[in-house]
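Novice: Below you will find the structure I want to go over with you.
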Number of protein chains: 2
Amino acid sequence: MDLFFKYLKQKKYNKKEFLLEQDSICNFKCFIITGLVRAFVIDEKGKENIIHFGIENWWVSNMESFILEKPSHLFIQALEDTTVLLITKENLELAYVNIPKLERVFRIITENMLIAIERKNEYYIKMGSKERYTSFISELKTFSQRVPQYMIASYLQITPEYLSELRKNK
Amino acid sequence: MDLFFKYLKQKKYNKKEFLLEQDSICNFKCFIITGLVRAFVIDEKGKENIIHFGIENWWVSNMESFILEKPSHLFIQALEDTTVLLITKENLELAYVNIPKLERVFRIITENMLIAIERKNEYYIKMGSKERYTSFISELKTFSQRVPQYMIASYLQITPEYLSELRKNK
């Protein structure tokens, strides 16, 4: 892994700063050392919808934009002061060539991302809002205290009012 | 790739046969040679919800069950007579060791799966039912004629009645 660090660059984002904005091409993957980010899209009505959060030890990127070099539909924004290790697409391709074992590492990272997103989708289909909230809280206890309530509501696709009701009755 | 074929087994499923049932552990990945499958979950009300379809040249599996060896929440069922190349988890692990380049192949396959699922999620959040239907039809023209309408409705999370209305007005 020491070899790999040559290809990474440490970068700091202030709270509220954007790692990625809509319509730009995402040419990086970031490994979060400390901090917290959210990825969101803006829908037809101008409303922000949180797709996922990224915390310590997770990689964040917009895969479609990164791989296909298409303009991003996503915003990625720091919710706390955030320090990341960033790798550009060019450096990652170079690193794959020079450190073939990295293919395995990123194959496994990508599988874990896929599992996380599939699990979230299943939750949404199989569960009511209340069960979603309970699962979210039990899986992400400490994390959920770092995020404003209205963002948790957006992520769970429920209204902030309903979330507040669920919290009272828990 | 010739080396890799040693690890694969050709298997045929009749129309309506299950490749995977809920609560069993998914210990395979299948590459579809001919045919069509659907992956679905049953929600609390007993309703079937289609998560995705799988067609020729796609890999299907339940990643969470496959990787974490947990009972599957998904069913995978053939919608036509379907022929696949199947690889078990044991054989895939063996193949990764003996053909290191396979890591790259499956890293890229997994990335493409992730892109497909992320794109679908974005559609659901950003678009109304009508736009979803139009995008689906324009992206999957031939495929959409092979699937019963009520399954397309389930996949698009709209009612069969509304789908029929959209088709009339297109």
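The way I read the labels, and the way they are meant: chains A, B, ... in the order of the structure tokens, residue 1 as the first residue of every chain, and ligand 1 as the first ligand shown, with later ones counted on from there.
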Could you tell me, as a VMD selection string, which residues of chain A DSSP assigns to alpha helix (DSSP H) when given the backbone?
Specialist: chain A and resid 2 to 5 63 to 68 89 to 98 101 to 126 129 to 139 141 to 144 149 to 155 160 to 168
Novice: For chain A, report every residue with an atom at most 6 Å from chain B (counting only C-alpha atoms), formatted as a ChimeraX atom specification.
Specialist: /A:43,64,103-104,107,114-115,126
Novice: Find, counting only C-alpha atoms, the residue in A:Cys30, A:Ile158, A:Leu163, A:Met151 that gets nearest to A:Leu86.
Specialist: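 The shortest atom-to-atom distance to A:Leu86 comes from A:Cys30.
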Novice: Just the residues within 6 Å of A:Ile25, please, counting only C-alpha atoms, with nothing from its chain fewer than 4 positions along; format it as JSON, numbers by chain.
Specialist: {"A": [65, 70, 71, 72]}
Novice: Near A:Val147, counting only C-alpha atoms, which residues have an atom at most 10 Å away, once you skip same-chain residues fewer than 3 positions from it, shown as a PyMOL selection string?
Specialist: chain A and resi 36-38+53+79-80+142-144+150-152
Novice: What does the distance from atom CA of B:Thr82 to atom CA of B:Tyr155 come to in Å, to one decimal?
Specialist: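 These two atoms are separated by 20.2 Å.
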Novice: Write out as a list in words which residues come within 6 Å of A:Asp81 when counting only C-alpha atoms, dropping same-chain ones fewer than 2 positions away.
Specialist: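 Near A:Asp81, the qualifying residues are Tyr13, Asn14, Lys15 and Gly35 of chain A.
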Novice: Could you pull out the residues in stretch 67-130 of chain B that DSSP calls strand (DSSP E) from the backbone, as a PyMOL selection string?
Specialist: chain B and resi 75-78+82-88
Novice: Those selected residues, please, written with N, CA and C atoms and delivered as a PDB file, in the first residue's frame.
Specialist:
ATOM      1  N   PHE B  75     -35.542 -12.820  -4.776  1.00  0.00           N
ATOM      2  CA  PHE B  75     -35.765 -13.957  -5.664  1.00  0.00           C
ATOM      3  C   PHE B  75     -35.172 -13.581  -7.031  1.00  0.00           C
ATOM      4  N   ILE B  76     -34.585 -14.543  -7.715  1.00  0.00           N
ATOM      5  CA  ILE B  76     -34.213 -14.330  -9.124  1.00  0.00           C
ATOM      6  C   ILE B  76     -34.896 -15.430  -9.926  1.00  0.00           C
ATOM      7  N   GLN B  77     -35.687 -15.013 -10.937  1.00  0.00           N
ATOM      8  CA  GLN B  77     -36.530 -15.968 -11.659  1.00  0.00           C
ATOM      9  C   GLN B  77     -36.392 -15.769 -13.167  1.00  0.00           C
ATOM     10  N   ALA B  78     -36.332 -16.872 -13.895  1.00  0.00           N
ATOM     11  CA  ALA B  78     -36.279 -16.799 -15.358  1.00  0.00           C
ATOM     12  C   ALA B  78     -37.648 -16.400 -15.910  1.00  0.00           C
ATOM     13  N   THR B  82     -33.843 -19.764 -20.183  1.00  0.00           N
ATOM     14  CA  THR B  82     -32.614 -18.974 -20.020  1.00  0.00           C
ATOM     15  C   THR B  82     -31.396 -19.889 -19.880  1.00  0.00           C
ATOM     16  N   THR B  83     -30.368 -19.584 -20.647  1.00  0.00           N
ATOM     17  CA  THR B  83     -29.109 -20.331 -20.531  1.00  0.00           C
ATOM     18  C   THR B  83     -28.035 -19.413 -19.979  1.00  0.00           C
ATOM     19  N   VAL B  84     -27.348 -19.902 -18.956  1.00  0.00           N
ATOM     20  CA  VAL B  84     -26.335 -19.068 -18.309  1.00  0.00           C
ATOM     21  C   VAL B  84     -25.013 -19.812 -18.208  1.00  0.00           C
ATOM     22  N   LEU B  85     -23.956 -19.054 -18.003  1.00  0.00           N
ATOM     23  CA  LEU B  85     -22.689 -19.618 -17.533  1.00  0.00           C
ATOM     24  C   LEU B  85     -22.607 -19.276 -16.056  1.00  0.00           C
ATOM     25  N   LEU B  86     -22.549 -20.304 -15.227  1.00  0.00           N
ATOM     26  CA  LEU B  86     -22.587 -20.101 -13.780  1.00  0.00           C
ATOM     27  C   LEU B  86     -21.201 -20.332 -13.181  1.00  0.00           C
ATOM     28  N   ILE B  87     -20.821 -19.457 -12.258  1.00  0.00           N
ATOM     29  CA  ILE B  87     -19.584 -19.695 -11.503  1.00  0.00           C
ATOM     30  C   ILE B  87     -19.917 -19.653 -10.017  1.00  0.00           C
ATOM     31  N   THR B  88     -19.443 -20.652  -9.283  1.00  0.00           N
ATOM     32  CA  THR B  88     -19.695 -20.671  -7.837  1.00  0.00           C
ATOM     33  C   THR B  88     -18.690 -19.737  -7.156  1.00  0.00           C
TER      34      THR B  88
END
Novice: One decimal, in Å: what's the spacing between atom CA of B:Tyr7 and atom CA of B:Leu94?
Specialist: 8.5 Å
Novice: Between atom CA of B:Asn27 and atom CA of B:Met1, what distance in Å does the model show, to one decimal?
Specialist: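 Value for the atom CA of B:Asn27-atom CA of B:Met1 distance: 21.7 Å.
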Novice: Counting only C-alpha atoms, which of B:Lys89, B:Lys12, B:His52, B:Lys141 gets nearest to B:Glu69?
Specialist: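 Ranked by minimum distance to B:Glu69, first place goes to B:Lys89.
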